[in-house]
Each structure stands twice: as structure tokens, then as C-alpha cells.
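Notes for the one structure printed next.
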Amino acid sequence: MRLFFAVHVSDEIKKDVAEALKTFPVRNPPWRWIVPENLHVTLKFLGEMDEKALGDLREVALHAASGIKPFRIVYGPFGGFPALSRPRVIFFEATQGMPELARLAAALESGVELLGVPKENRPFTAHLTLARIKEPLPPGIRDAIQKVPPLPATASQIVDHFTLVQSRLSRAGAEYEEVDRFELPGTD
């Protein structure tokens, strides 16, 4: 099973992203957009895991959730990894809720490391991936994406849970299925 932990994006944020993409400065880009129903903030990518590990993953997630109360995420600036001038991934970054997301990601990271999942070498950055870019972008497109405005200040959501997600890859793109859900304390 190909698995990851994630915070799903609210329907309101999906609408904000859809609106932003309507005015995106590049028409017919040389990449494929992530479909709105797949938008999420990845907390920890696990990769291929045996189904027998689900019980241990559940324990790790429950422990990680126990130390975090519900919080608000605000999404804003447009960015790219490793840099917007030469992106392999383009995204909208979270500007509020970062400490809580980082604590949750770190707790998951240390818990799954004990299960043999390799530690991530890059620092955690909470973001909504919009597309993955396979080839270097031509200068005109690179210049255009430098000017993408942030999402509106109203692009926010309350995080009261996170999920364990199974990803199935196909030619049509990734299909995600929720395997388990973990409530943050203080939620019903």
C-alpha cells in the first residue's frame, strides 16, 4: 500500500484555488493540474507499506494527534520547490498554522521512523501542491509564474483532524482513498 498522512483541504479552499487558476497567467501550461478533490497538505509521505503496519501507523497517529488542539490554517503565497525560478513543484503555501502543522508532522516523522520509514531530509513546509513539473520551464513561463498573486486572505480552514491516505497511481493520475481518520483533541 502506498500511504501518506495528510490534512485535507476544505471545499471553500478548493473554490479559492479554482478561482486563482482561472486567472493563472499561463494558458495551456506544460504540466497537468492536480484535481481539486486531491488537494491536501502532506504531513508525512510513507511510501510502500505492508498492510500489517496499519495498526502501528494508527498508534503513531493517535499519539501525534494527542498533543495538538484544533487550529486554523491560512493559505497565501504562490511558490515552487526547489525555487520558483526553477520549479519541480508549484504550490500555495500555508502562512498561518505552520507551528501546529510542523509539530504534527514532526511527531508523525519520529513515530514512523521507529517503524523503519526513512526520515525526511528536507525541512517541513506546509503547502498545497498544484502541479508537478517534469521539464525545465521556458523563460516566458518562468517569468509569468513569478507574478502569481497569493490566495485571498479569506483562504483559511479549521483543522480538527488528519487522515491516513492510500494513493493508487494510474495514467489518469493519482486516486486517493482515506484509510483512517484521526481527530485532534477538543473535537466531537
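Residues are named by chain letter and number: chains run A, B, ... in the order of the C-alpha cells, numbers start at 1 in each chain, and ligands are numbered from 1 in the order shown.
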Neighbour list for range 104-107 of chain A as a PyMOL selection string, cut-off 7 Å, only C-alpha atoms, skip fewer than 5 positions in-chain: chain A and resi 43-44+64
Dump of all heavy atoms for the selected residues, as a PDB file, in the first residue's frame:
ATOM      1  N   LEU A  43       1.545  15.645   5.471  1.00  0.00           N
ATOM      2  CA  LEU A  43       2.247  15.713   6.753  1.00  0.00           C
ATOM      3  C   LEU A  43       3.444  14.784   6.759  1.00  0.00           C
ATOM      4  O   LEU A  43       4.500  15.128   7.278  1.00  0.00           O
ATOM      5  CB  LEU A  43       1.295  15.348   7.893  1.00  0.00           C
ATOM      6  CG  LEU A  43       0.125  16.301   8.100  1.00  0.00           C
ATOM      7  CD1 LEU A  43      -0.895  15.693   9.055  1.00  0.00           C
ATOM      8  CD2 LEU A  43       0.629  17.642   8.610  1.00  0.00           C
ATOM      9  N   LYS A  44       3.280  13.597   6.190  1.00  0.00           N
ATOM     10  CA  LYS A  44       4.380  12.638   6.093  1.00  0.00           C
ATOM     11  C   LYS A  44       4.059  11.623   5.004  1.00  0.00           C
ATOM     12  O   LYS A  44       3.044  10.938   5.067  1.00  0.00           O
ATOM     13  CB  LYS A  44       4.608  11.918   7.426  1.00  0.00           C
ATOM     14  CG  LYS A  44       5.643  10.806   7.390  1.00  0.00           C
ATOM     15  CD  LYS A  44       7.021  11.300   7.019  1.00  0.00           C
ATOM     16  CE  LYS A  44       8.034  10.146   6.965  1.00  0.00           C
ATOM     17  NZ  LYS A  44       9.278  10.542   6.304  1.00  0.00           N
ATOM     18  N   ALA A  64       0.496  11.231  17.932  1.00  0.00           N
ATOM     19  CA  ALA A  64       0.772  12.551  17.347  1.00  0.00           C
ATOM     20  C   ALA A  64      -0.420  13.488  17.539  1.00  0.00           C
ATOM     21  O   ALA A  64      -0.254  14.660  17.893  1.00  0.00           O
ATOM     22  CB  ALA A  64       1.111  12.416  15.861  1.00  0.00           C
TER      23      ALA A  64
END
Range 92-100 of chain A: which residues within 8 Å, counting only C-alpha atoms, same-chain residues fewer than 3 positions away excluded, as a ChimeraX atom specification? /A:68,71-79,103-104,125-130,150-151
What's around His40 in chain A at 7 Å? Count only C-alpha atoms, leave out sequence neighbours fewer than 5 positions away in its own chain, and write the answer as JSON, numbers by chain. {"A": [6, 7, 8, 9, 128]}
Output the selection as a CSV table (one decimal), in the first residue's frame - N, CA and C atoms for each residue.
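So the final result, stored in part25.csv, reads:
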chain,number,residue,atom,x,y,z
A,6,ALA,N,-2.1,13.1,5.8
A,6,ALA,CA,-2.4,14.4,5.2
A,6,ALA,C,-3.5,15.2,5.9
A,7,VAL,N,-3.6,16.5,5.7
A,7,VAL,CA,-4.7,17.3,6.1
A,7,VAL,C,-5.4,17.6,4.8
A,8,HIS,N,-6.7,17.2,4.7
A,8,HIS,CA,-7.5,17.5,3.5
A,8,HIS,C,-7.9,19.0,3.5
A,9,VAL,N,-8.1,19.5,2.3
A,9,VAL,CA,-8.4,20.9,2.1
A,9,VAL,C,-10.0,21.0,2.0
A,128,LEU,N,0.0,23.4,-0.5
A,128,LEU,CA,-1.0,22.7,-1.4
A,128,LEU,C,-0.3,22.6,-2.7
So that I can see what lies close to Glu37 in chain A, please list as a ChimeraX atom specification the residues with an atom at most 12 Å from it, counting only C-alpha atoms and leaving out residues fewer than 3 positions away in the same chain. /A:8-15,17-18,33-34,40,128,130,173-177
C-alpha atoms of the current selection, written as a short mmCIF file (atom, residue, chain, number, x, y, z; two decimals), in the first residue's frame:
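Generated file (selection28.cif):
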data_model
loop_
_atom_site.label_atom_id
_atom_site.label_comp_id
_atom_site.auth_asym_id
_atom_site.auth_seq_id
_atom_site.Cartn_x
_atom_site.Cartn_y
_atom_site.Cartn_z
CA HIS A 8 -7.48 17.50 3.50
CA VAL A 9 -8.43 20.85 2.05
CA SER A 10 -11.90 22.29 2.69
CA ASP A 11 -14.38 22.83 -0.14
CA GLU A 12 -14.01 26.59 0.35
CA ILE A 13 -10.24 26.39 -0.22
CA LYS A 14 -10.80 24.24 -3.30
CA LYS A 15 -13.05 27.02 -4.65
CA VAL A 17 -7.78 27.60 -5.70
CA ALA A 18 -10.11 27.07 -8.67
CA TRP A 33 -3.01 20.38 -12.59
CA ILE A 34 -3.76 18.27 -9.51
CA HIS A 40 -4.12 18.28 0.62
CA LEU A 128 -0.96 22.74 -1.36
CA LEU A 130 -0.94 22.39 -7.59
CA GLY A 173 -3.38 10.47 -12.17
CA ALA A 174 -3.43 9.53 -8.51
CA GLU A 175 -6.54 8.20 -6.84
CA TYR A 176 -6.74 8.71 -3.08
CA GLU A 177 -8.68 6.69 -0.55
#
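Each of A:Lys22, A:Leu108, A:Arg88, A:Arg142 was compared to Ser66 in chain A using only C-alpha atoms, and A:Leu108 turns out to be the nearest.
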Please identify which residues in chain A DSSP calls strand (DSSP E) from the backbone, and express them as number ranges by chain. A: 2-8, 40-48, 71-81, 89-96, 127-132, 156-159, 161-170, 173-183
Determine, counting only C-alpha atoms, which protein, DNA and RNA residues have an atom within 12 Å of an atom of Pro25 in chain A; residues of the same chain fewer than 4 positions away are not included. Present the result as a PyMOL selection string. chain A and resi 20-21+29+140-149
Prev. selection, N, CA and C atoms, output as a PDB file, in the first residue's frame:
ATOM      1  N   ALA A  20      -8.337  31.062  -8.408  1.00  0.00           N
ATOM      2  CA  ALA A  20      -6.970  31.520  -8.690  1.00  0.00           C
ATOM      3  C   ALA A  20      -6.465  30.941 -10.011  1.00  0.00           C
ATOM      4  N   LEU A  21      -6.812  29.700 -10.291  1.00  0.00           N
ATOM      5  CA  LEU A  21      -6.333  29.066 -11.522  1.00  0.00           C
ATOM      6  C   LEU A  21      -7.040  29.614 -12.763  1.00  0.00           C
ATOM      7  N   PRO A  29      -0.549  25.289 -19.768  1.00  0.00           N
ATOM      8  CA  PRO A  29       0.792  25.075 -19.218  1.00  0.00           C
ATOM      9  C   PRO A  29       1.331  23.691 -19.579  1.00  0.00           C
ATOM     10  N   GLY A 140       9.738  32.426 -20.635  1.00  0.00           N
ATOM     11  CA  GLY A 140       8.478  33.173 -20.597  1.00  0.00           C
ATOM     12  C   GLY A 140       7.534  32.665 -19.523  1.00  0.00           C
ATOM     13  N   ILE A 141       7.456  31.359 -19.380  1.00  0.00           N
ATOM     14  CA  ILE A 141       6.583  30.779 -18.353  1.00  0.00           C
ATOM     15  C   ILE A 141       7.183  31.011 -16.970  1.00  0.00           C
ATOM     16  N   ARG A 142       8.494  30.844 -16.839  1.00  0.00           N
ATOM     17  CA  ARG A 142       9.150  31.109 -15.546  1.00  0.00           C
ATOM     18  C   ARG A 142       8.893  32.542 -15.100  1.00  0.00           C
ATOM     19  N   ASP A 143       8.974  33.496 -16.039  1.00  0.00           N
ATOM     20  CA  ASP A 143       8.725  34.903 -15.700  1.00  0.00           C
ATOM     21  C   ASP A 143       7.272  35.115 -15.292  1.00  0.00           C
ATOM     22  N   ALA A 144       6.345  34.479 -16.010  1.00  0.00           N
ATOM     23  CA  ALA A 144       4.914  34.665 -15.738  1.00  0.00           C
ATOM     24  C   ALA A 144       4.531  34.152 -14.357  1.00  0.00           C
ATOM     25  N   ILE A 145       5.057  33.002 -13.963  1.00  0.00           N
ATOM     26  CA  ILE A 145       4.637  32.448 -12.668  1.00  0.00           C
ATOM     27  C   ILE A 145       5.225  33.204 -11.482  1.00  0.00           C
ATOM     28  N   GLN A 146       6.235  34.023 -11.734  1.00  0.00           N
ATOM     29  CA  GLN A 146       6.788  34.856 -10.662  1.00  0.00           C
ATOM     30  C   GLN A 146       5.765  35.881 -10.176  1.00  0.00           C
ATOM     31  N   LYS A 147       4.744  36.143 -11.003  1.00  0.00           N
ATOM     32  CA  LYS A 147       3.775  37.204 -10.694  1.00  0.00           C
ATOM     33  C   LYS A 147       2.425  36.681 -10.223  1.00  0.00           C
ATOM     34  N   VAL A 148       2.329  35.380  -9.930  1.00  0.00           N
ATOM     35  CA  VAL A 148       1.056  34.828  -9.474  1.00  0.00           C
ATOM     36  C   VAL A 148       0.727  35.408  -8.107  1.00  0.00           C
ATOM     37  N   PRO A 149      -0.472  35.995  -7.966  1.00  0.00           N
ATOM     38  CA  PRO A 149      -0.832  36.581  -6.665  1.00  0.00           C
ATOM     39  C   PRO A 149      -1.144  35.499  -5.629  1.00  0.00           C
TER      40      PRO A 149
END
Residues flagged alpha helix (DSSP H) by DSSP in range 34-116 of chain A, as a PyMOL selection string: chain A and resi 54-66+98-113
Ranking A:Ala131, A:Val117, A:Val26, A:Val165 by minimum distance to Val179 in chain A and counting only C-alpha atoms, which one comes first?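 Of A:Ala131, A:Val117, A:Val26, A:Val165, the one nearest Val179 in chain A is A:Val165, counting only C-alpha atoms.
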All residues 12 Å or closer to Leu54 in chain A, only C-alpha atoms, same chain fewer than 2 positions away omitted, as a count of residues only: 23
Shortest interatomic distance to Arg86 in chain A - which of A:Ala172, A:Val159, A:Ile133, A:Leu184, counting only C-alpha atoms: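 Result for the nearest residue to Arg86 in chain A: A:Ile133.
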